[in-house]
Amino acid sequence: MNTEETNVELKDAETKDAEPKDAADPAQVAADADATEADVSEADLDQEEQEKQPMTGGGDQAEEAPAEKNGSVKLKIPEEAEEVKFTGLNKEELLRVAGTPGWVRTRWALLVVFWLGWLGMLAGAVLIILRAPRCRDLPATDWWNDGPLYQIGSIQAFSDAGDLKGLEQKVSSLSQLKVKGLVVGPIHVAPADEAMNLRFEEISPEAGNLEQFRGLVQAAHKKGISVVLDLTPNYQGSSGPWFANISVTNVAERLKSALVFWLDEGVDGVQLSGVERVASVVPSLWTDIRAIVQNGTDKPSTKRVLIGVTERSSAEDVSALLSSTGVDLLISRVLRPGHADAAEHAQSVQLLYSSHSQTKLAWSLGGRAEGHLASLVGPALVKTHQLLLLTLPGTPVINYGDEIGLMDEATKFPRMLWDSDKELNGTEQEERAERLSCRGFFRSLSELRGKERSLLFGDFLLLSNSSSSLAYLRVWDQSERYLAAFNWAEEAAELQLSGAALPRQAAVVLSTDSGAPPADRSVDLTKLQLGPGQATLLRFPYTG
């Protein structure tokens, strides 16, 4: 039978099966339908079970093609390969490699390079140290060398309260001026020219009492200010500070016990006028006085100062007294205004500086006997002389009120002027503005001196001086240099400053002339212009 006949027969058979059977039993038809639905449901379940099976072949068979259902493709995602970890060489392998000639040569080469580098850095450091300039050793100084001393000769005139309690209330204001010590008094009981009624250990009722003095010392120490007590015996008399000759021995002996008393009360030093007399008349007692004050403590932080005061103005005499009396500081009249011109003052400063350590030098303009600075030099020159005192090599000693240009008014102890809430008229406002300007200038100078080594203990180099002008340099090691220049004449002056120690230009730090170049503006030192009565402070850097 050929293929075509076979196909025809199959089609006829399918036609016969598809035809309806009219005689079929209805019940039978329903049962067949139920059976068909059950078969279909079972077939669907079998299909779902097959889909849940993994699409991989069993055994060693190749991977089957992905199965499809309703347009979705089932893919097999292979598991990530486990990360390979590097374990390095084990001990045996390292030992085998380390012993090879190549590694031995490499290790020696690295070792040689390391030591050569280390030795090279060491040699470089030594070379830098050897070629660098050696720093100069700081001089031995004491607290009275670190800033100005502020003299208050009259407790009654200084504060509104007029006693030691009032002075205590002004300590904070004085601290703003950067002063390092207060020289108070004399305040002890000493009727004029009456040696028998002298009582060193008793405070005059007009000045206050011992309890107030203790409060003053405590308040000053909290602000870092030392307290020096003036114990000049006959400070109100006319027969000399130590009374008559027959009384010197008795007074000096009584002073010794008084010194112990006041030092125990916490004073940081003693000031005495007329030291040349007691030192020459009773030298053994003077030696005892010095020992009590200067050797009272071995602690540098509590070292006490012995200040002498003399009326002598000759630099030679003052130099001799410094050596013979052995005081720590000697206040003299070397710079007394009107006594000599600028050239003579410069020579006096140079002589004392070359003969003694500058830690022994003290500079003053005014005081109990002389009065106030503004009255001695005139209000217009107060700032000029402030600049002089605070830039010379040594300790500046300021009379109360000199920082504001206080004038004497029929007395050398005028009342101190303090700011208040009182309403001022035009003239009073101008005077107040001038006082504040003067005080601000002093404060700036005092603060600068306290932090700049060249001003604090630098060398003193005289550059130029004439009868009306002066210029000098303050230099310390590798610190900034400071140049102070003054013109006391009533007309302008030009100073031509040059030399190996000077650059062509320097910067302005402070000037007494409001019309001068502002701070930090450079000026030409070869043609330094100064107005009438003007002083200026300049600086320039260390250049090696």
# chains A, B, ... in the order shown; residues from 1 in each chain; ligands from 1
call {"tool": "residues_around", "arguments": {"residues": "range 317-330 of chain A", "least_positions_apart": "4", "cutoff": "10 Å", "atoms": "only C-alpha atoms", "output": "count of residues only"}}
result
43
call {"tool": "atom_distance", "arguments": {"atom1": "CA of Leu229 in chain A", "atom2": "CA of Thr384 in chain A"}}
result
29.2 Å
call {"tool": "select_by_dssp", "arguments": {"residues": "range 177-295 of chain A", "states": "alpha helix (DSSP H)", "output": "VMD selection string"}}
result
chain A and resid 210 to 222 245 to 264 275 to 281 283 to 294
call {"tool": "residues_around", "arguments": {"residues": "Asn465 in chain A", "least_positions_apart": "5", "cutoff": "12 Å", "atoms": "only C-alpha atoms", "output": "PDB file with N, CA and C atoms, in the first residue's frame"}}
result
ATOM      1  N   ASP A 341      72.246 119.781  78.106  1.00  0.00           N
ATOM      2  CA  ASP A 341      71.604 119.608  76.809  1.00  0.00           C
ATOM      3  C   ASP A 341      71.606 118.134  76.421  1.00  0.00           C
ATOM      4  N   ALA A 342      71.064 117.849  75.236  1.00  0.00           N
ATOM      5  CA  ALA A 342      70.912 116.461  74.803  1.00  0.00           C
ATOM      6  C   ALA A 342      72.250 115.747  74.671  1.00  0.00           C
ATOM      7  N   ALA A 343      73.280 116.472  74.207  1.00  0.00           N
ATOM      8  CA  ALA A 343      74.586 115.841  74.030  1.00  0.00           C
ATOM      9  C   ALA A 343      75.174 115.404  75.375  1.00  0.00           C
ATOM     10  N   GLU A 344      75.042 116.229  76.400  1.00  0.00           N
ATOM     11  CA  GLU A 344      75.557 115.872  77.720  1.00  0.00           C
ATOM     12  C   GLU A 344      74.778 114.715  78.331  1.00  0.00           C
ATOM     13  N   HIS A 345      73.465 114.715  78.140  1.00  0.00           N
ATOM     14  CA  HIS A 345      72.659 113.594  78.625  1.00  0.00           C
ATOM     15  C   HIS A 345      73.092 112.296  77.962  1.00  0.00           C
ATOM     16  N   ALA A 346      73.353 112.349  76.655  1.00  0.00           N
ATOM     17  CA  ALA A 346      73.780 111.153  75.932  1.00  0.00           C
ATOM     18  C   ALA A 346      75.114 110.646  76.465  1.00  0.00           C
ATOM     19  N   GLN A 347      76.036 111.554  76.756  1.00  0.00           N
ATOM     20  CA  GLN A 347      77.331 111.159  77.298  1.00  0.00           C
ATOM     21  C   GLN A 347      77.192 110.544  78.687  1.00  0.00           C
ATOM     22  N   VAL A 349      74.523 108.915  79.869  1.00  0.00           N
ATOM     23  CA  VAL A 349      73.949 107.576  79.681  1.00  0.00           C
ATOM     24  C   VAL A 349      75.024 106.602  79.219  1.00  0.00           C
ATOM     25  N   GLN A 350      75.846 107.039  78.280  1.00  0.00           N
ATOM     26  CA  GLN A 350      76.899 106.178  77.750  1.00  0.00           C
ATOM     27  C   GLN A 350      77.899 105.804  78.837  1.00  0.00           C
ATOM     28  N   LEU A 470      69.036 113.489  69.384  1.00  0.00           N
ATOM     29  CA  LEU A 470      69.635 112.262  69.900  1.00  0.00           C
ATOM     30  C   LEU A 470      69.040 111.073  69.156  1.00  0.00           C
ATOM     31  N   ALA A 471      69.870 110.073  68.867  1.00  0.00           N
ATOM     32  CA  ALA A 471      69.400 108.829  68.247  1.00  0.00           C
ATOM     33  C   ALA A 471      70.258 107.677  68.755  1.00  0.00           C
ATOM     34  N   TYR A 472      69.605 106.602  69.139  1.00  0.00           N
ATOM     35  CA  TYR A 472      70.349 105.431  69.587  1.00  0.00           C
ATOM     36  C   TYR A 472      69.606 104.162  69.193  1.00  0.00           C
ATOM     37  N   ALA A 484      65.517 104.679  68.476  1.00  0.00           N
ATOM     38  CA  ALA A 484      64.800 105.818  69.073  1.00  0.00           C
ATOM     39  C   ALA A 484      65.491 107.103  68.648  1.00  0.00           C
ATOM     40  N   ALA A 485      64.709 108.056  68.147  1.00  0.00           N
ATOM     41  CA  ALA A 485      65.260 109.335  67.674  1.00  0.00           C
ATOM     42  C   ALA A 485      64.468 110.479  68.287  1.00  0.00           C
ATOM     43  N   PHE A 486      65.177 111.551  68.684  1.00  0.00           N
ATOM     44  CA  PHE A 486      64.563 112.674  69.408  1.00  0.00           C
ATOM     45  C   PHE A 486      65.046 114.009  68.827  1.00  0.00           C
ATOM     46  N   ASN A 487      64.128 114.956  68.819  1.00  0.00           N
ATOM     47  CA  ASN A 487      64.466 116.326  68.453  1.00  0.00           C
ATOM     48  C   ASN A 487      63.824 117.255  69.474  1.00  0.00           C
ATOM     49  N   TRP A 488      64.634 117.873  70.338  1.00  0.00           N
ATOM     50  CA  TRP A 488      64.111 118.762  71.368  1.00  0.00           C
ATOM     51  C   TRP A 488      64.062 120.227  70.920  1.00  0.00           C
ATOM     52  N   LEU A 495      67.908 114.042  60.588  1.00  0.00           N
ATOM     53  CA  LEU A 495      68.999 113.199  61.077  1.00  0.00           C
ATOM     54  C   LEU A 495      69.443 112.275  59.945  1.00  0.00           C
ATOM     55  N   GLN A 496      70.731 112.253  59.688  1.00  0.00           N
ATOM     56  CA  GLN A 496      71.289 111.385  58.653  1.00  0.00           C
ATOM     57  C   GLN A 496      71.965 110.201  59.333  1.00  0.00           C
ATOM     58  N   LEU A 497      71.233 109.108  59.396  1.00  0.00           N
ATOM     59  CA  LEU A 497      71.695 107.928  60.121  1.00  0.00           C
ATOM     60  C   LEU A 497      72.120 106.854  59.125  1.00  0.00           C
TER      61      LEU A 497
END
call {"tool": "residues_around", "arguments": {"residues": "range 189-196 of chain A", "least_positions_apart": "4", "cutoff": "7 Å", "atoms": "only C-alpha atoms", "output": "VMD selection string"}}
result
chain A and resid 200 202 to 204 233 to 234 236 to 239 243
call {"tool": "atom_distance", "arguments": {"atom1": "CA of Thr427 in chain A", "atom2": "CA of Leu365 in chain A"}}
result
27.9 Å
call {"tool": "closest_residue", "arguments": {"among": "A:Leu182, A:Val104, A:Leu138, A:Ile246", "to": "Gln478 in chain A", "atoms": "only C-alpha atoms"}}
result
A:Leu138
call {"tool": "select_by_dssp", "arguments": {"residues": "range 126-240 of chain A", "states": "strand (DSSP E)", "output": "PyMOL selection string"}}
result
chain A and resi 149-152+181-184+188-189+199-203+226-230
call {"tool": "closest_residue", "arguments": {"among": "A:Tyr400, A:Leu263, A:Ala380, A:Leu462", "to": "Gln534 in chain A", "atoms": "only C-alpha atoms"}}
result
A:Ala380
call {"tool": "atom_distance", "arguments": {"atom1": "CA of Ser420 in chain A", "atom2": "CA of Arg432 in chain A"}}
result
10.4 Å
call {"tool": "residues_around", "arguments": {"residues": "Asp160 in chain A", "least_positions_apart": "4", "cutoff": "12 Å", "atoms": "only C-alpha atoms", "output": "list in words"}}
result
Ile155, Gln156, Leu164, Lys165, Gly166, Leu167, Glu168, Gln169, Lys170, Arg415, Met416, Leu417, Trp418, Asp419 and Ser420 of chain A
call {"tool": "write_last_selection", "arguments": {"atoms": "N, CA, C and O atoms", "output": "JSON list (two decimals), in the first residue's frame"}}
result
[["chain", "number", "residue", "atom", "x", "y", "z"],
["A", 155, "ILE", "N", 49.79, 109.25, 99.35],
["A", 155, "ILE", "CA", 48.59, 108.41, 99.32],
["A", 155, "ILE", "C", 47.33, 109.27, 99.31],
["A", 155, "ILE", "O", 46.37, 108.97, 98.61],
["A", 156, "GLN", "N", 47.37, 110.36, 100.05],
["A", 156, "GLN", "CA", 46.19, 111.22, 100.15],
["A", 156, "GLN", "C", 45.83, 111.85, 98.80],
["A", 156, "GLN", "O", 44.65, 112.06, 98.50],
["A", 164, "LEU", "N", 45.07, 104.11, 101.90],
["A", 164, "LEU", "CA", 45.59, 102.90, 101.28],
["A", 164, "LEU", "C", 44.48, 102.05, 100.66],
["A", 164, "LEU", "O", 44.72, 101.35, 99.66],
["A", 165, "LYS", "N", 43.28, 102.11, 101.21],
["A", 165, "LYS", "CA", 42.16, 101.39, 100.62],
["A", 165, "LYS", "C", 41.83, 101.95, 99.24],
["A", 165, "LYS", "O", 41.54, 101.19, 98.30],
["A", 166, "GLY", "N", 41.89, 103.27, 99.12],
["A", 166, "GLY", "CA", 41.66, 103.88, 97.81],
["A", 166, "GLY", "C", 42.73, 103.49, 96.81],
["A", 166, "GLY", "O", 42.43, 103.29, 95.62],
["A", 167, "LEU", "N", 43.97, 103.37, 97.26],
["A", 167, "LEU", "CA", 45.04, 102.91, 96.38],
["A", 167, "LEU", "C", 44.81, 101.48, 95.93],
["A", 167, "LEU", "O", 45.02, 101.14, 94.76],
["A", 168, "GLU", "N", 44.36, 100.64, 96.85],
["A", 168, "GLU", "CA", 44.06, 99.25, 96.48],
["A", 168, "GLU", "C", 43.01, 99.19, 95.37],
["A", 168, "GLU", "O", 43.11, 98.35, 94.46],
["A", 169, "GLN", "N", 42.03, 100.08, 95.41],
["A", 169, "GLN", "CA", 40.98, 100.09, 94.40],
["A", 169, "GLN", "C", 41.48, 100.52, 93.02],
["A", 169, "GLN", "O", 40.79, 100.31, 92.02],
["A", 170, "LYS", "N", 42.67, 101.12, 92.95],
["A", 170, "LYS", "CA", 43.23, 101.57, 91.67],
["A", 170, "LYS", "C", 44.28, 100.61, 91.12],
["A", 170, "LYS", "O", 44.88, 100.88, 90.08],
["A", 415, "ARG", "N", 46.43, 116.49, 93.18],
["A", 415, "ARG", "CA", 45.49, 115.37, 93.18],
["A", 415, "ARG", "C", 45.51, 114.68, 91.82],
["A", 415, "ARG", "O", 45.51, 115.33, 90.77],
["A", 416, "MET", "N", 45.50, 113.37, 91.86],
["A", 416, "MET", "CA", 45.46, 112.58, 90.65],
["A", 416, "MET", "C", 44.11, 112.76, 89.97],
["A", 416, "MET", "O", 43.07, 112.87, 90.64],
["A", 417, "LEU", "N", 44.10, 112.81, 88.64],
["A", 417, "LEU", "CA", 42.87, 112.98, 87.86],
["A", 417, "LEU", "C", 42.41, 111.63, 87.33],
["A", 417, "LEU", "O", 43.16, 110.93, 86.63],
["A", 418, "TRP", "N", 41.18, 111.28, 87.68],
["A", 418, "TRP", "CA", 40.58, 110.03, 87.21],
["A", 418, "TRP", "C", 39.34, 110.33, 86.39],
["A", 418, "TRP", "O", 38.66, 111.33, 86.60],
["A", 419, "ASP", "N", 39.01, 109.46, 85.47],
["A", 419, "ASP", "CA", 37.81, 109.64, 84.67],
["A", 419, "ASP", "C", 36.57, 109.46, 85.55],
["A", 419, "ASP", "O", 36.55, 108.64, 86.48],
["A", 420, "SER", "N", 35.52, 110.22, 85.22],
["A", 420, "SER", "CA", 34.28, 110.13, 85.98],
["A", 420, "SER", "C", 33.11, 110.33, 85.01],
["A", 420, "SER", "O", 33.29, 110.59, 83.82]]
call {"tool": "closest_residue", "arguments": {"among": "A:Gly153, A:Pro517, A:Gly544, A:Pro396", "to": "Ala369 in chain A", "atoms": "only C-alpha atoms"}}
result
A:Gly153
call {"tool": "residues_around", "arguments": {"residues": "Gln386 in chain A", "least_positions_apart": "3", "cutoff": "10 Å", "atoms": "only C-alpha atoms", "output": "PyMOL selection string"}}
result
chain A and resi 365+373+381-383+389-391+396+398+402-403+438+441-442+445-446+512+535
call {"tool": "write_last_selection", "arguments": {"atoms": "all heavy atoms", "output": "CSV table (one decimal), in the first residue's frame"}}
result
chain,number,residue,atom,x,y,z
A,365,LEU,N,62.6,111.1,85.8
A,365,LEU,CA,62.4,112.5,85.5
A,365,LEU,C,61.3,113.0,86.5
A,365,LEU,O,60.1,112.8,86.2
A,365,LEU,CB,62.0,112.7,84.1
A,365,LEU,CG,63.1,112.6,83.0
A,365,LEU,CD1,62.6,112.4,81.6
A,365,LEU,CD2,64.1,113.8,83.1
A,373,LEU,N,56.5,115.5,85.7
A,373,LEU,CA,57.2,115.7,84.4
A,373,LEU,C,56.6,116.8,83.6
A,373,LEU,O,57.4,117.6,83.0
A,373,LEU,CB,57.0,114.3,83.6
A,373,LEU,CG,57.6,114.3,82.2
A,373,LEU,CD1,59.1,114.5,82.3
A,373,LEU,CD2,57.3,112.9,81.6
A,381,LEU,N,56.0,118.2,75.6
A,381,LEU,CA,57.1,117.2,75.5
A,381,LEU,C,57.0,116.0,76.5
A,381,LEU,O,57.9,115.3,76.7
A,381,LEU,CB,58.4,118.0,75.9
A,381,LEU,CG,58.9,119.1,74.9
A,381,LEU,CD1,60.1,119.8,75.4
A,381,LEU,CD2,59.1,118.4,73.5
A,382,VAL,N,55.8,115.8,77.0
A,382,VAL,CA,55.6,114.7,77.9
A,382,VAL,C,55.8,113.4,77.2
A,382,VAL,O,56.6,112.5,77.7
A,382,VAL,CB,54.2,114.8,78.6
A,382,VAL,CG1,53.9,113.5,79.3
A,382,VAL,CG2,54.1,115.9,79.6
A,383,LYS,N,55.2,113.2,76.1
A,383,LYS,CA,55.4,111.9,75.3
A,383,LYS,C,56.8,111.7,74.9
A,383,LYS,O,57.3,110.6,74.9
A,383,LYS,CB,54.4,111.9,74.1
A,383,LYS,CG,52.9,111.8,74.4
A,383,LYS,CD,52.1,111.8,73.2
A,383,LYS,CE,50.6,111.7,73.5
A,383,LYS,NZ,49.8,111.8,72.2
A,389,LEU,N,62.5,107.6,78.6
A,389,LEU,CA,62.6,106.8,79.8
A,389,LEU,C,62.4,105.3,79.5
A,389,LEU,O,63.0,104.4,80.1
A,389,LEU,CB,61.6,107.3,80.8
A,389,LEU,CG,61.8,108.6,81.5
A,389,LEU,CD1,60.7,109.0,82.4
A,389,LEU,CD2,63.1,108.5,82.3
A,390,LEU,N,61.4,105.0,78.6
A,390,LEU,CA,61.1,103.6,78.4
A,390,LEU,C,61.9,102.9,77.3
A,390,LEU,O,61.6,101.7,77.0
A,390,LEU,CB,59.6,103.5,78.0
A,390,LEU,CG,58.6,103.8,79.2
A,390,LEU,CD1,57.2,104.1,78.7
A,390,LEU,CD2,58.6,102.7,80.2
A,391,THR,N,62.9,103.6,76.7
A,391,THR,CA,63.7,102.9,75.7
A,391,THR,C,65.2,103.0,76.1
A,391,THR,O,66.0,102.3,75.4
A,391,THR,CB,63.6,103.6,74.3
A,391,THR,OG1,63.8,105.0,74.4
A,391,THR,CG2,62.2,103.4,73.8
A,396,PRO,N,62.9,102.2,84.1
A,396,PRO,CA,62.2,103.5,84.2
A,396,PRO,C,61.4,103.6,85.5
A,396,PRO,O,60.7,102.7,85.9
A,396,PRO,CB,61.3,103.5,82.9
A,396,PRO,CG,61.0,102.1,82.6
A,396,PRO,CD,62.2,101.3,83.1
A,398,ILE,N,58.6,106.0,87.2
A,398,ILE,CA,57.6,107.0,86.8
A,398,ILE,C,56.9,107.6,88.0
A,398,ILE,O,56.5,106.8,88.9
A,398,ILE,CB,56.5,106.4,85.9
A,398,ILE,CG1,57.2,105.6,84.7
A,398,ILE,CG2,55.6,107.4,85.3
A,398,ILE,CD1,58.0,106.5,83.8
A,402,ASP,N,52.4,111.1,85.8
A,402,ASP,CA,53.2,111.4,84.6
A,402,ASP,C,52.7,110.7,83.4
A,402,ASP,O,53.0,111.1,82.3
A,402,ASP,CB,54.7,111.0,84.9
A,402,ASP,CG,55.4,112.0,85.7
A,402,ASP,OD1,54.8,113.1,86.0
A,402,ASP,OD2,56.5,111.8,86.2
A,403,GLU,N,52.0,109.6,83.6
A,403,GLU,CA,51.4,108.9,82.4
A,403,GLU,C,50.3,109.7,81.7
A,403,GLU,O,49.9,109.4,80.6
A,403,GLU,CB,51.0,107.5,82.8
A,403,GLU,CG,49.6,107.4,83.6
A,403,GLU,CD,49.8,107.7,85.0
A,403,GLU,OE1,50.9,108.2,85.5
A,403,GLU,OE2,48.8,107.4,85.8
A,438,CYS,N,47.8,110.7,76.1
A,438,CYS,CA,49.1,110.5,76.7
A,438,CYS,C,49.2,109.2,77.4
A,438,CYS,O,50.2,108.5,77.4
A,438,CYS,CB,49.2,111.7,77.7
A,438,CYS,SG,50.9,111.9,78.4
A,441,PHE,N,49.6,106.3,74.9
A,441,PHE,CA,51.0,106.3,74.4
A,441,PHE,C,51.9,105.6,75.4
A,441,PHE,O,52.7,104.8,75.0
A,441,PHE,CB,51.5,107.7,74.1
A,441,PHE,CG,52.8,107.8,73.4
A,441,PHE,CD1,52.9,107.7,72.1
A,441,PHE,CD2,54.0,108.1,74.2
A,441,PHE,CE1,54.1,107.8,71.5
A,441,PHE,CE2,55.2,108.2,73.6
A,441,PHE,CZ,55.3,108.0,72.2
A,442,PHE,N,51.8,106.0,76.7
A,442,PHE,CA,52.6,105.3,77.7
A,442,PHE,C,52.3,103.8,77.8
A,442,PHE,O,53.3,103.0,77.9
A,442,PHE,CB,52.3,106.0,79.1
A,442,PHE,CG,53.1,105.4,80.2
A,442,PHE,CD1,54.3,105.9,80.5
A,442,PHE,CD2,52.6,104.3,80.9
A,442,PHE,CE1,55.1,105.4,81.6
A,442,PHE,CE2,53.3,103.8,82.0
A,442,PHE,CZ,54.5,104.3,82.3
A,445,LEU,N,54.0,101.9,74.9
A,445,LEU,CA,55.4,101.8,75.1
A,445,LEU,C,55.8,100.8,76.2
A,445,LEU,O,56.7,100.0,76.0
A,445,LEU,CB,55.9,103.2,75.5
A,445,LEU,CG,56.5,104.1,74.4
A,445,LEU,CD1,56.8,105.5,75.0
A,445,LEU,CD2,57.7,103.5,73.7
A,446,SER,N,55.1,100.9,77.3
A,446,SER,CA,55.3,100.0,78.4
A,446,SER,C,55.1,98.5,78.0
A,446,SER,O,55.9,97.6,78.3
A,446,SER,CB,54.5,100.3,79.6
A,446,SER,OG,54.7,99.5,80.7
A,512,THR,N,55.4,110.7,68.5
A,512,THR,CA,54.8,111.7,69.3
A,512,THR,C,54.0,112.7,68.4
A,512,THR,O,53.2,113.5,68.9
A,512,THR,CB,55.8,112.4,70.2
A,512,THR,OG1,56.7,113.1,69.4
A,512,THR,CG2,56.5,111.5,71.1
A,535,ALA,N,59.6,112.9,68.8
A,535,ALA,CA,60.4,111.7,69.0
A,535,ALA,C,59.7,110.6,68.3
A,535,ALA,O,58.4,110.6,68.2
A,535,ALA,CB,60.5,111.4,70.5
